Every structure is written in structure tokens, then in C-alpha cells.
file structure09.txt (compact mmCIF, C-alpha atoms)
# COMPACT_ATOMS: atom_id res chain seq x y z
CA MET A 1 -18.90 -14.28 -11.27
CA SER A 2 -18.50 -17.58 -13.06
CA GLU A 3 -14.94 -17.22 -14.35
CA PRO A 4 -12.72 -19.98 -13.01
CA PRO A 5 -9.98 -18.88 -10.62
CA ALA A 6 -6.52 -18.67 -12.14
CA PRO A 7 -4.85 -21.95 -13.02
CA VAL A 8 -2.06 -21.54 -10.51
CA PRO A 9 -0.97 -24.26 -8.08
CA LEU A 10 -2.70 -23.84 -4.76
CA PRO A 11 -0.49 -22.91 -1.85
CA ALA A 12 0.63 -25.79 0.32
CA LEU A 13 -1.33 -24.41 3.24
CA ARG A 14 -4.78 -23.29 2.21
CA PRO A 15 -6.23 -20.60 4.50
CA THR A 16 -9.82 -20.78 5.65
CA LEU A 17 -12.16 -17.85 5.10
CA TRP A 18 -11.69 -16.76 8.69
CA HIS A 19 -7.89 -16.94 8.27
CA LEU A 20 -8.16 -14.81 5.15
CA PHE A 21 -10.26 -12.21 6.90
CA SER A 22 -8.16 -12.01 10.04
CA SER A 23 -4.84 -12.00 8.18
CA PHE A 24 -5.81 -9.17 5.88
CA ALA A 25 -7.28 -7.30 8.83
CA ILE A 26 -3.90 -7.56 10.56
CA VAL A 27 -2.17 -6.34 7.40
CA SER A 28 -4.54 -3.39 7.31
CA ILE A 29 -4.10 -2.45 10.98
CA PHE A 30 -0.32 -2.72 11.07
CA GLY A 31 0.32 -1.56 7.54
CA PHE A 32 2.04 1.74 8.22
CA GLY A 33 3.58 3.14 5.08
CA GLY A 34 2.97 0.45 2.51
CA THR A 35 0.43 -2.29 3.16
CA LEU A 36 1.69 -4.36 0.25
CA ALA A 37 4.99 -5.03 2.00
CA TRP A 38 3.00 -6.30 4.98
CA ALA A 39 0.85 -8.45 2.72
CA ARG A 40 4.02 -10.06 1.38
CA ARG A 41 5.40 -10.68 4.84
CA MET A 42 2.12 -12.29 5.91
CA THR A 43 1.45 -14.50 2.89
CA VAL A 44 5.02 -15.51 2.06
CA ASP A 45 7.19 -15.29 5.16
CA GLU A 46 4.84 -15.96 8.06
CA ARG A 47 1.95 -18.09 6.83
CA LYS A 48 3.76 -19.69 3.86
CA TRP A 49 0.62 -19.49 1.75
CA MET A 50 2.63 -18.63 -1.35
CA THR A 51 6.23 -18.89 -2.48
CA ALA A 52 8.18 -15.71 -3.19
CA ALA A 53 7.94 -16.46 -6.92
CA GLU A 54 4.16 -16.82 -6.74
CA PHE A 55 3.93 -13.57 -4.84
CA ASN A 56 6.04 -11.77 -7.44
CA GLU A 57 3.80 -13.00 -10.18
CA VAL A 58 0.60 -11.92 -8.46
CA PHE A 59 2.29 -8.64 -7.60
CA ALA A 60 3.11 -8.02 -11.28
CA LEU A 61 -0.55 -8.57 -12.10
CA CYS A 62 -1.68 -6.20 -9.33
CA GLN A 63 0.66 -3.49 -10.58
CA PHE A 64 -0.58 -3.97 -14.10
CA LEU A 65 -4.19 -3.50 -13.01
CA PRO A 66 -5.61 -0.09 -12.13
CA GLY A 67 -6.87 0.66 -8.63
CA PRO A 68 -5.31 0.20 -5.21
CA ASN A 69 -2.61 -2.48 -5.59
CA VAL A 70 -3.13 -4.03 -2.18
CA VAL A 71 -6.87 -4.42 -2.77
CA ASN A 72 -6.15 -6.09 -6.09
CA PHE A 73 -3.79 -8.39 -4.25
CA ALA A 74 -6.51 -9.33 -1.75
CA VAL A 75 -8.95 -9.99 -4.60
CA VAL A 76 -6.55 -12.17 -6.60
CA PHE A 77 -5.12 -14.06 -3.64
CA GLY A 78 -8.56 -14.60 -2.08
CA ALA A 79 -9.92 -15.90 -5.39
CA ARG A 80 -7.05 -18.32 -5.83
CA VAL A 81 -7.45 -19.99 -2.47
CA ARG A 82 -11.21 -19.70 -1.84
CA GLY A 83 -12.97 -18.41 -4.96
CA VAL A 84 -15.34 -15.45 -4.88
CA PRO A 85 -16.05 -15.76 -1.14
CA GLY A 86 -12.29 -15.71 -0.58
CA SER A 87 -11.96 -12.44 -2.53
CA LEU A 88 -14.84 -10.82 -0.70
CA VAL A 89 -13.60 -11.88 2.73
CA ALA A 90 -10.01 -10.80 2.03
CA VAL A 91 -11.13 -7.36 0.81
CA ALA A 92 -13.49 -7.01 3.76
CA GLY A 93 -10.64 -7.86 6.14
CA LEU A 94 -8.35 -5.39 4.40
CA CYS A 95 -10.80 -2.48 4.21
CA GLY A 96 -13.16 -3.06 7.14
CA PRO A 97 -10.93 -2.10 10.09
CA SER A 98 -9.47 0.87 8.19
CA LEU A 99 -12.96 2.01 7.24
CA VAL A 100 -14.00 1.99 10.91
CA LEU A 101 -10.79 3.77 11.90
CA MET A 102 -11.30 6.42 9.21
CA VAL A 103 -14.88 7.04 10.33
CA ILE A 104 -13.62 7.56 13.89
CA LEU A 105 -10.78 9.84 12.73
CA GLY A 106 -13.17 11.67 10.40
CA ALA A 107 -15.59 12.26 13.26
CA LEU A 108 -12.79 13.48 15.52
CA TYR A 109 -11.55 15.78 12.77
CA ALA A 110 -15.05 17.14 12.16
CA ARG A 111 -15.33 17.93 15.85
CA TYR A 112 -11.83 19.07 16.78
CA GLY A 113 -10.32 19.94 13.39
CA GLU A 114 -10.48 23.66 14.06
CA LEU A 115 -8.58 23.51 17.35
CA PRO A 116 -5.44 25.60 16.87
CA GLU A 117 -3.23 23.00 18.57
CA LEU A 118 -4.47 20.24 16.26
CA GLN A 119 -4.20 22.54 13.26
CA ARG A 120 -0.55 23.24 14.01
CA PHE A 121 0.20 19.54 14.58
CA LEU A 122 -1.57 18.40 11.41
CA GLY A 123 0.04 21.20 9.43
CA GLY A 124 3.42 19.84 10.48
CA VAL A 125 2.47 16.25 9.63
CA THR A 126 1.30 17.34 6.18
CA THR A 127 4.64 18.90 5.30
CA ALA A 128 6.25 15.53 6.08
CA ALA A 129 3.52 13.57 4.24
CA ALA A 130 4.18 15.65 1.12
CA GLY A 131 7.89 14.91 1.42
CA LEU A 132 7.18 11.20 1.89
CA THR A 133 5.19 11.16 -1.34
CA ILE A 134 7.83 13.05 -3.33
CA GLY A 135 10.56 10.85 -1.84
CA THR A 136 8.61 7.74 -2.84
CA MET A 137 8.44 9.06 -6.38
CA CYS A 138 12.22 9.61 -6.43
CA ARG A 139 12.79 6.08 -5.15
CA MET A 140 10.50 4.61 -7.80
CA ALA A 141 12.28 6.58 -10.51
CA VAL A 142 15.72 5.15 -9.67
CA PRO A 143 15.43 2.12 -12.02
CA LEU A 144 14.57 4.44 -14.92
CA PHE A 145 17.80 6.33 -14.35
CA GLN A 146 19.84 3.16 -13.77
CA ASN A 147 18.64 1.78 -17.09
CA LYS A 148 19.13 5.15 -18.81
CA GLN A 149 15.53 5.19 -20.04
CA TRP A 150 15.64 8.83 -21.02
CA VAL A 151 12.44 8.72 -23.07
CA SER A 152 10.51 7.30 -20.10
CA ILE A 153 12.11 9.85 -17.79
CA THR A 154 11.01 12.64 -20.13
CA LEU A 155 7.48 11.22 -20.06
CA MET A 156 7.55 11.09 -16.25
CA VAL A 157 8.69 14.72 -16.01
CA ALA A 158 6.01 15.74 -18.53
CA VAL A 159 3.36 14.10 -16.33
CA VAL A 160 4.65 15.94 -13.25
CA ILE A 161 4.55 19.27 -15.08
CA ALA A 162 1.13 18.67 -16.66
CA VAL A 163 -0.67 17.22 -13.64
CA GLY A 164 1.32 18.46 -10.65
CA LEU A 165 2.03 22.02 -11.79
CA LEU A 166 -0.47 22.83 -14.57
CA LYS A 167 -3.30 20.85 -12.88
CA LEU A 168 -4.35 19.01 -16.01
CA PRO A 169 -7.34 16.72 -15.28
CA LEU A 170 -6.34 13.06 -15.01
CA TRP A 171 -8.54 12.08 -17.95
CA TRP A 172 -6.72 14.48 -20.27
CA ALA A 173 -3.38 13.38 -18.91
CA LEU A 174 -4.21 9.71 -19.55
CA ALA A 175 -5.58 10.47 -23.02
CA ILE A 176 -2.35 12.26 -23.95
CA PHE A 177 0.31 10.28 -22.10
CA LEU A 178 -1.02 6.72 -22.14
CA PRO A 179 -0.64 6.27 -25.92
CA ILE A 180 2.86 7.76 -25.74
CA GLY A 181 3.76 5.40 -22.88
CA ILE A 182 2.42 2.37 -24.73
CA ILE A 183 4.37 3.29 -27.86
CA ILE A 184 7.52 3.56 -25.76
CA GLY A 185 6.75 0.20 -24.16
CA TRP A 186 6.01 -1.42 -27.51
CA ARG A 187 9.32 -0.33 -28.99
CA LYS A 188 11.25 -1.44 -25.95
CA PRO A 189 9.37 -3.92 -23.74
CA ARG A 190 10.82 -3.97 -20.21
CA MET B 191 -23.69 18.34 6.14
CA LYS B 192 -27.01 17.30 4.63
CA THR B 193 -26.81 13.95 2.93
CA ASP B 194 -28.93 13.40 -0.13
CA SER B 195 -28.85 10.57 -2.60
CA ALA B 196 -27.51 12.84 -5.36
CA THR B 197 -24.39 13.51 -3.27
CA LEU B 198 -23.91 9.81 -2.62
CA ILE B 199 -24.29 8.99 -6.32
CA THR B 200 -21.75 11.70 -7.18
CA LEU B 201 -19.33 10.21 -4.66
CA LEU B 202 -19.85 6.70 -6.00
CA LEU B 203 -19.40 7.74 -9.64
CA HIS B 204 -16.40 9.94 -8.92
CA PHE B 205 -14.47 7.33 -6.95
CA GLY B 206 -15.74 4.49 -9.13
CA LEU B 207 -14.24 6.11 -12.24
CA LEU B 208 -11.04 6.90 -10.37
CA SER B 209 -10.79 3.26 -9.33
CA ILE B 210 -10.24 2.35 -12.98
CA ALA B 211 -8.18 5.45 -13.84
CA ALA B 212 -5.73 5.04 -10.95
CA VAL B 213 -2.96 3.49 -13.01
CA GLY B 214 -0.25 1.86 -10.96
CA GLY B 215 -1.98 2.18 -7.61
CA GLY B 216 -4.18 4.28 -5.37
CA ASN B 217 -1.85 7.26 -4.94
CA SER B 218 -1.94 7.99 -8.66
CA ALA B 219 -5.51 9.15 -8.11
CA ILE B 220 -4.58 11.84 -5.56
CA PRO B 221 -4.16 14.71 -8.08
CA GLU B 222 -7.59 14.01 -9.55
CA ILE B 223 -9.17 13.53 -6.10
CA HIS B 224 -7.76 16.95 -5.17
CA ARG B 225 -9.02 18.57 -8.35
CA GLN B 226 -12.50 17.15 -7.93
CA ALA B 227 -12.85 17.61 -4.16
CA VAL B 228 -11.31 21.07 -3.86
CA GLU B 229 -11.55 22.78 -7.22
CA VAL B 230 -14.62 21.29 -8.92
CA SER B 231 -17.03 20.25 -6.15
CA GLY B 232 -15.81 22.45 -3.33
CA TRP B 233 -16.22 19.56 -0.90
CA LEU B 234 -13.08 20.62 0.95
CA THR B 235 -10.87 23.66 1.35
CA GLU B 236 -7.18 23.38 0.47
CA ARG B 237 -6.35 23.17 4.15
CA GLU B 238 -8.94 20.49 4.85
CA PHE B 239 -7.60 18.49 1.91
CA ALA B 240 -4.07 18.78 3.26
CA ASP B 241 -5.25 17.74 6.74
CA ILE B 242 -7.16 14.74 5.41
CA PHE B 243 -4.20 13.70 3.29
CA ALA B 244 -2.01 13.85 6.40
CA ILE B 245 -4.46 11.82 8.50
CA SER B 246 -4.90 9.10 5.88
CA THR B 247 -1.16 8.90 5.20
CA ALA B 248 -0.13 8.76 8.85
CA ALA B 249 -2.90 6.36 9.93
CA PRO B 250 -2.37 2.63 9.38
CA GLY B 251 -4.18 1.01 6.49
CA PRO B 252 -4.13 1.22 2.70
CA ASN B 253 -3.27 4.71 1.43
CA PHE B 254 -6.40 5.03 -0.72
CA MET B 255 -8.27 5.57 2.58
CA ILE B 256 -8.11 9.29 1.75
CA SER B 257 -11.22 8.63 -0.36
CA THR B 258 -12.95 7.13 2.70
CA LEU B 259 -12.17 10.23 4.75
CA ILE B 260 -13.39 12.53 1.99
CA GLY B 261 -16.56 10.45 1.74
CA TYR B 262 -17.06 10.88 5.48
CA HIS B 263 -16.41 14.60 5.28
CA VAL B 264 -18.98 15.00 2.52
CA ALA B 265 -21.74 12.65 3.68
CA GLY B 266 -20.93 11.02 7.04
CA PRO B 267 -20.49 7.27 7.63
CA ILE B 268 -22.61 6.34 4.60
CA GLY B 269 -20.46 8.63 2.49
CA ALA B 270 -17.33 6.91 3.83
CA LEU B 271 -18.74 3.52 2.87
CA VAL B 272 -19.86 4.68 -0.57
CA ALA B 273 -16.52 6.30 -1.37
CA THR B 274 -14.64 3.17 -0.27
CA LEU B 275 -16.88 0.91 -2.35
CA GLY B 276 -16.41 3.23 -5.31
CA MET B 277 -12.63 3.24 -4.97
CA CYS B 278 -12.34 -0.55 -4.57
CA GLY B 279 -15.33 -1.97 -6.43
CA PRO B 280 -14.68 -1.52 -10.16
CA SER B 281 -10.96 -2.29 -9.93
CA SER B 282 -11.68 -5.38 -7.80
CA VAL B 283 -14.15 -6.78 -10.32
CA LEU B 284 -11.62 -6.13 -13.07
CA ALA B 285 -8.86 -7.78 -11.00
CA TYR B 286 -11.02 -10.86 -10.46
CA TYR B 287 -11.70 -11.38 -14.14
CA VAL B 288 -8.23 -10.50 -15.38
CA SER B 289 -6.57 -12.81 -12.87
CA GLY B 290 -8.42 -15.75 -14.44
CA THR B 291 -6.92 -15.03 -17.86
CA TRP B 292 -3.56 -13.57 -16.78
CA GLU B 293 -1.68 -16.73 -17.75
CA LYS B 294 -2.83 -16.35 -21.35
CA PHE B 295 -1.36 -12.93 -21.91
CA LYS B 296 1.31 -12.74 -19.24
CA TYR B 297 4.06 -12.77 -21.84
CA ALA B 298 2.13 -11.03 -24.61
CA ARG B 299 4.00 -8.09 -26.11
CA TRP B 300 1.04 -5.73 -25.77
CA ARG B 301 0.78 -6.58 -22.06
CA MET B 302 4.44 -5.73 -21.49
CA ALA B 303 4.09 -2.61 -23.63
CA ILE B 304 1.23 -1.35 -21.47
CA GLN B 305 3.01 -2.20 -18.23
CA THR B 306 6.26 -0.56 -19.33
CA GLY B 307 4.37 2.48 -20.57
CA LEU B 308 2.39 2.85 -17.36
CA ILE B 309 5.44 2.98 -15.09
CA PRO B 310 6.63 6.55 -15.90
CA ILE B 311 3.03 7.78 -15.86
CA SER B 312 2.21 6.37 -12.45
CA ILE B 313 5.52 7.62 -11.01
CA GLY B 314 4.76 11.06 -12.44
CA LEU B 315 1.27 11.00 -10.93
CA ILE B 316 2.61 10.12 -7.48
CA GLY B 317 5.12 12.97 -7.77
CA SER B 318 2.29 15.27 -8.80
CA ALA B 319 0.37 14.18 -5.70
CA GLY B 320 3.32 15.19 -3.53
CA ILE B 321 3.62 18.57 -5.25
CA ILE B 322 -0.10 19.29 -4.91
CA VAL B 323 -0.07 18.46 -1.20
CA ALA B 324 3.08 20.52 -0.68
CA GLN B 325 1.41 23.48 -2.39
CA ALA B 326 -1.60 23.08 -0.12
CA ALA B 327 0.42 22.65 3.07
CA ASP B 328 3.67 24.57 2.77
CA HIS B 329 3.38 28.29 3.38
CA THR B 330 6.63 29.05 5.17
CA VAL B 331 10.31 28.54 4.43
CA VAL B 332 10.52 26.08 7.34
CA ALA B 333 7.60 24.07 5.92
CA TYR B 334 9.34 23.76 2.56
CA GLY B 335 12.48 22.79 4.45
CA VAL B 336 10.67 19.97 6.29
CA THR B 337 9.16 18.72 3.03
CA ALA B 338 12.58 18.77 1.35
CA ALA B 339 14.23 17.02 4.32
CA THR B 340 11.51 14.34 4.40
CA THR B 341 11.93 13.83 0.66
CA VAL B 342 15.66 13.23 1.07
CA ILE B 343 15.23 10.95 4.12
CA THR B 344 12.54 8.89 2.38
CA PHE B 345 14.72 8.58 -0.70
CA ALA B 346 17.96 7.77 1.05
CA THR B 347 16.95 5.74 4.13
CA ARG B 348 14.47 3.07 5.20
CA LEU B 349 13.36 5.01 8.28
CA ASN B 350 9.77 4.29 9.29
CA PRO B 351 7.82 7.37 8.18
CA ILE B 352 5.88 7.46 11.44
CA TRP B 353 8.94 9.07 13.11
CA LEU B 354 9.04 11.77 10.47
CA PHE B 355 5.32 12.44 10.98
CA LEU B 356 5.74 12.69 14.75
CA LEU B 357 8.75 14.96 14.47
CA ALA B 358 7.13 17.24 11.89
CA GLY B 359 3.89 17.24 13.90
CA ALA B 360 5.81 18.25 17.03
CA LEU B 361 7.54 21.06 15.12
CA GLY B 362 4.13 22.22 13.91
CA TYR B 363 2.62 21.98 17.38
CA ALA B 364 5.46 24.08 18.76
CA GLY B 365 4.56 26.73 16.18
CA LEU B 366 7.82 26.37 14.27
CA ILE B 367 6.31 25.47 10.87
call {"tool": "encode", "arguments": {"input": "structure09.txt", "output": "C-alpha cells"}}
result
Amino acid sequence: MSEPPAPVPLPALRPTLWHLFSSFAIVSIFGFGGTLAWARRMTVDERKWMTAAEFNEVFALCQFLPGPNVVNFAVVFGARVRGVPGSLVAVAGLCGPSLVLMVILGALYARYGELPELQRFLGGVTTAAAGLTIGTMCRMAVPLFQNKQWVSITLMVAVVIAVGLLKLPLWWALAIFLPIGIIIGWRKPR
Amino acid sequence: MKTDSATLITLLLHFGLLSIAAVGGGNSAIPEIHRQAVEVSGWLTEREFADIFAISTAAPGPNFMISTLIGYHVAGPIGALVATLGMCGPSSVLAYYVSGTWEKFKYARWRMAIQTGLIPISIGLIGSAGIIVAQAADHTVVAYGVTAATTVITFATRLNPIWLFLLAGALGYAGLI
């Protein structure tokens, strides 16, 4: 881990390691439905650790990278203000409390998951969780329609059919669709 | 469930590979997590997968925590830790190194081409995740109705999803779904 952190101006207020840990822990605990929005509120609006423009830039990077976006954000932001320890502490703050919570919920589910009352309740929640995910997809697809990117829309629909309905393994889907996507992007960047 | 090191290594490899393959964010990995956990490994039944998806979505915290719950289900607390490390580790290392050189290729055409090309794929994968969960969870007309209504509400409003979860959970509890 000897790469220098990114050459980006440091935020006016530089958080300590403890601040990094506690702030990302708060993001994790209160981050209902979209932790990244909470991360923005914390770093930009409340603590003023970054400007909105800096956030947007880091956000673009985190979207570009694979893996959970909010974890990428913790890694990149932590590295910029406190180097490798900053990254580690931010990720630990982000994942630690949720990990503990998930172990508790997992244990409760293992013990009480078969209770008919809980089954009925969870069954109901799942129907809504599925709708939330499909609704999120629709929301994300709006810019494609606004910009009349019909080729990209066709690609998106093809992915839904291949992976969602025909259950194509992700590796096959990426092998087939990634080159097509990159060709589309190369011909018409942004 | 008995925990052996082979199971833990399988968990680590599975989620570690997914960490890099999850283009555009954690939820893109859900279809593959489902395929591996339910269809290939038999770690979970369809119903358990649907339950765990619901718990991880409704609970606070990053949405990739579904891998943590699956890790717990398969191999207890150690499994939860291993699955989480797998899901975050490789992508975090990549993020660290790429962020150091981001400035150099931020405006490169190939970078924009990849990013533009990834968008429809990651949206399609998230939609696929929703369809797969709906197939696992929805068995009645009312259930499909709730999924459709939640889809429309999520699309058209900024309502906090926790209210939708509570309402749908109450409907389920009352035996209406």
C-alpha cells in the first residue's frame, strides 16, 4: 500500500481517525434506503469535509469502480484525508455496526424464522422489497429515456431478460454485454 | 450448521469474485448471489433467500449486507465476517489504487466509454434482482399487487421505504398476502 493518495486538495476541516470511524458508523446505522445519500449529507452538508463538487467527483469514481459504492466512497475519502489508516477506519465504521446488527438479526432469524407470524410478516416485507428494487431500476432508467438512448435501453432490457428471466450467470452476462456496452459508450461517450 | 474451512473458503472466493463483478454497486450482484446460494450451492431455499433479502433491505446499513446474512446463515458469525470481507475486500483494494491515478484518466475516452457502457448493464442487473426476489416471494395476486404498488410508489414519490415495508409486513401478518 505505497501508492500516494490522490492529488486532490484536502478538505478545509480534516477529520481525525476517530471522527472518520464514528461518522461512517452513524451513516451505517441511520442509512435506511441508500447509505450513499447519508454519506453525502454527512461529509458535505454537516461536517463540511468536502465541497459538493469534490463529492460529485469522488462519487463518479465510486460508481465507475465495481463493488459496493458506499464502501468505495469510504475507502477513497478515508485515503484522501488520512491515508491507509483512514481508509481502514472509515470502512470499519461503515461495516462494523451493520455486521454486528446482521449477526444479531441472523441469529434471531435462525431461531424464530419458522414462526408462522414472522413468516407472514417477512413475506409481506419481501413483496415490498422487490417492488422497491424494481422501482429503483425504473428511476435509474429515466435519464436513458430522457436522452433517447434507445441502444442503451435495448441493452438494459436484454440484461433484464437474460439475467432476471433466463437466469444467465453473471459471468456470462458480463462477457456478452460488457463489450457491447463499451462499444456503445465509445461511439457516444456520455 | 457445521463450519469447516472449505465452506469458509468457498464463501470468501464467491463473494470476493462478486466484489469485482458487481458493476455499478452492490445490488448488481444480487442475481448472482441468488444463483449461487439457492441454485448452485443450496445454501438457502427460495423462501429463506427472500426472507434474508427482506431483512437486509429493511435493516439500516449498506445494502450489500445480504452477503453478511448469507455468510451467517451458512457458517455462523465467522461466516458473516468472511462474507463481508469477501464482498468489500477486493473492490476496496482496487478503489484505493485507482483513486490515486483517477486524475490521470478521468477524462480519458476509454474511461467514459466504460462508464457509459456500464450504466445500462448495472440498471438491468438491479431490475433483474427485483424480478428474482419477486419470483421468490410473490405467490398470490395480492402479493404481485403489493410489489407493483411499491414499484410505482418508489418510482413516483420520495416516500421513505420503511413505511412501505411496515405496511406490507402488516398486510402479511394479517394473512392478506
call {"tool": "closest_residue", "arguments": {"input": "structure09.txt", "among": "A:Leu132, A:Val125, A:Val151, A:Ala158", "to": "Ala358 in chain B", "atoms": "only C-alpha atoms"}}
result
A:Val125
call {"tool": "atom_distance", "arguments": {"input": "structure09.txt", "atom1": "CA of Gly261 in chain B", "atom2": "CA of Ala130 in chain A"}}
result
21.4 Å
call {"tool": "closest_residue", "arguments": {"input": "structure09.txt", "among": "A:Cys138, A:Leu174, A:Ile153, A:Val103", "to": "Ala211 in chain B", "atoms": "only C-alpha atoms"}}
result
A:Leu174
call {"tool": "atom_distance", "arguments": {"input": "structure09.txt", "atom1": "CA of Leu36 in chain A", "atom2": "CA of Pro252 in chain B"}}
result
8.4 Å
call {"tool": "residues_around", "arguments": {"input": "structure09.txt", "residues": "range 119-122 of chain A", "least_positions_apart": "4", "cutoff": "12 Å", "atoms": "only C-alpha atoms", "output": "PyMOL selection string"}}
result
(chain A and resi 109+112-115+126-129) or (chain B and resi 237-248+327-328+333+355-367)
call {"tool": "closest_atom_pairs", "arguments": {"input": "structure09.txt", "of": "range 212-312 of chain B", "to": "range 46-64 of chain A", "cutoff": "9 Å", "atoms": "only C-alpha atoms", "output": "tab-separated table"}}
result
residue	atom	partner	partner_atom	distance
B:Val213	CA	A:Phe64	CA	7.9
B:Gly214	CA	A:Gln63	CA	5.4
B:Gly215	CA	A:Gln63	CA	6.9
B:Ala285	CA	A:Cys62	CA	7.5
B:Val288	CA	A:Leu61	CA	8.6
B:Ser289	CA	A:Leu61	CA	7.4
B:Trp292	CA	A:Leu61	CA	7.5
B:Lys296	CA	A:Leu61	CA	8.5
B:Arg301	CA	A:Phe64	CA	8.5
B:Ile304	CA	A:Phe64	CA	8.0
B:Gln305	CA	A:Phe64	CA	5.8
B:Leu308	CA	A:Phe64	CA	8.1
call {"tool": "closest_residue", "arguments": {"input": "structure09.txt", "among": "A:Trp38, A:Val91, A:Ser152, A:Leu13", "to": "Ala79 in chain A", "atoms": "only C-alpha atoms"}}
result
A:Val91
call {"tool": "closest_residue", "arguments": {"input": "structure09.txt", "among": "B:Ile322, B:Val336, B:Ile311, B:Ile316", "to": "Asn253 in chain B", "atoms": "all atoms listed in the file"}}
result
B:Ile316
call {"tool": "closest_residue", "arguments": {"input": "structure09.txt", "among": "B:Ser218, B:Thr200, B:Thr274, B:Ser282", "to": "Gly78 in chain A", "atoms": "all atoms listed in the file"}}
result
B:Ser282
call {"tool": "residues_near_point", "arguments": {"input": "structure09.txt", "point": "(-1.0, -1.4, 1.1)", "cutoff": "8 Å", "atoms": "only C-alpha atoms", "output": "list of chain:residue names"}}
result
A:Ser28, A:Gly31, A:Gly33, A:Gly34, A:Thr35, A:Leu36, A:Ala37, A:Trp38, A:Ala39, A:Pro68, A:Asn69, A:Val70, A:Val71, B:Gly251, B:Pro252, B:Asn253
call {"tool": "write_last_selection", "arguments": {"input": "structure09.txt", "atoms": "C-alpha atoms", "output": "PDB file, in the frame of the given file"}}
result
ATOM      1  CA  SER A  28      -4.540  -3.390   7.310  1.00  0.00           C
ATOM      2  CA  GLY A  31       0.320  -1.560   7.540  1.00  0.00           C
ATOM      3  CA  GLY A  33       3.580   3.140   5.080  1.00  0.00           C
ATOM      4  CA  GLY A  34       2.970   0.450   2.510  1.00  0.00           C
ATOM      5  CA  THR A  35       0.430  -2.290   3.160  1.00  0.00           C
ATOM      6  CA  LEU A  36       1.690  -4.360   0.250  1.00  0.00           C
ATOM      7  CA  ALA A  37       4.990  -5.030   2.000  1.00  0.00           C
ATOM      8  CA  TRP A  38       3.000  -6.300   4.980  1.00  0.00           C
ATOM      9  CA  ALA A  39       0.850  -8.450   2.720  1.00  0.00           C
ATOM     10  CA  PRO A  68      -5.310   0.200  -5.210  1.00  0.00           C
ATOM     11  CA  ASN A  69      -2.610  -2.480  -5.590  1.00  0.00           C
ATOM     12  CA  VAL A  70      -3.130  -4.030  -2.180  1.00  0.00           C
ATOM     13  CA  VAL A  71      -6.870  -4.420  -2.770  1.00  0.00           C
TER      14      VAL A  71
ATOM     15  CA  GLY B 251      -4.180   1.010   6.490  1.00  0.00           C
ATOM     16  CA  PRO B 252      -4.130   1.220   2.700  1.00  0.00           C
ATOM     17  CA  ASN B 253      -3.270   4.710   1.430  1.00  0.00           C
TER      18      ASN B 253
END
call {"tool": "closest_residue", "arguments": {"input": "structure09.txt", "among": "A:Gly86, A:His19, A:Gly123, A:Asn72", "to": "Val332 in chain B", "atoms": "all atoms listed in the file"}}
result
A:Gly123
call {"tool": "residues_near_point", "arguments": {"input": "structure09.txt", "point": "(-8.0, -17.5, -1.2)", "cutoff": "12 Å", "atoms": "all atoms listed in the file", "output": "compact mmCIF listing (two decimals) with C-alpha atoms, in the frame of the given file"}}
result
# COMPACT_ATOMS: atom_id res chain seq x y z
CA PRO A 5 -9.98 -18.88 -10.62
CA ALA A 6 -6.52 -18.67 -12.14
CA VAL A 8 -2.06 -21.54 -10.51
CA PRO A 9 -0.97 -24.26 -8.08
CA LEU A 10 -2.70 -23.84 -4.76
CA PRO A 11 -0.49 -22.91 -1.85
CA LEU A 13 -1.33 -24.41 3.24
CA ARG A 14 -4.78 -23.29 2.21
CA PRO A 15 -6.23 -20.60 4.50
CA THR A 16 -9.82 -20.78 5.65
CA LEU A 17 -12.16 -17.85 5.10
CA TRP A 18 -11.69 -16.76 8.69
CA HIS A 19 -7.89 -16.94 8.27
CA LEU A 20 -8.16 -14.81 5.15
CA PHE A 21 -10.26 -12.21 6.90
CA SER A 23 -4.84 -12.00 8.18
CA PHE A 24 -5.81 -9.17 5.88
CA THR A 43 1.45 -14.50 2.89
CA TRP A 49 0.62 -19.49 1.75
CA MET A 50 2.63 -18.63 -1.35
CA PHE A 73 -3.79 -8.39 -4.25
CA ALA A 74 -6.51 -9.33 -1.75
CA VAL A 75 -8.95 -9.99 -4.60
CA VAL A 76 -6.55 -12.17 -6.60
CA PHE A 77 -5.12 -14.06 -3.64
CA GLY A 78 -8.56 -14.60 -2.08
CA ALA A 79 -9.92 -15.90 -5.39
CA ARG A 80 -7.05 -18.32 -5.83
CA VAL A 81 -7.45 -19.99 -2.47
CA ARG A 82 -11.21 -19.70 -1.84
CA GLY A 83 -12.97 -18.41 -4.96
CA VAL A 84 -15.34 -15.45 -4.88
CA PRO A 85 -16.05 -15.76 -1.14
CA GLY A 86 -12.29 -15.71 -0.58
CA SER A 87 -11.96 -12.44 -2.53
CA LEU A 88 -14.84 -10.82 -0.70
CA VAL A 89 -13.60 -11.88 2.73
CA ALA A 90 -10.01 -10.80 2.03
CA VAL A 91 -11.13 -7.36 0.81
CA TYR B 286 -11.02 -10.86 -10.46
call {"tool": "atom_distance", "arguments": {"input": "structure09.txt", "atom1": "CA of Phe205 in chain B", "atom2": "CA of Pro280 in chain B"}}
result
9.4 Å
call {"tool": "residues_around", "arguments": {"input": "structure09.txt", "residues": "Ala346 in chain B", "least_positions_apart": "4", "cutoff": "9 Å", "atoms": "only C-alpha atoms", "output": "list in words"}}
result
Gly135 and Arg139 of chain A; Thr341 and Val342 of chain B
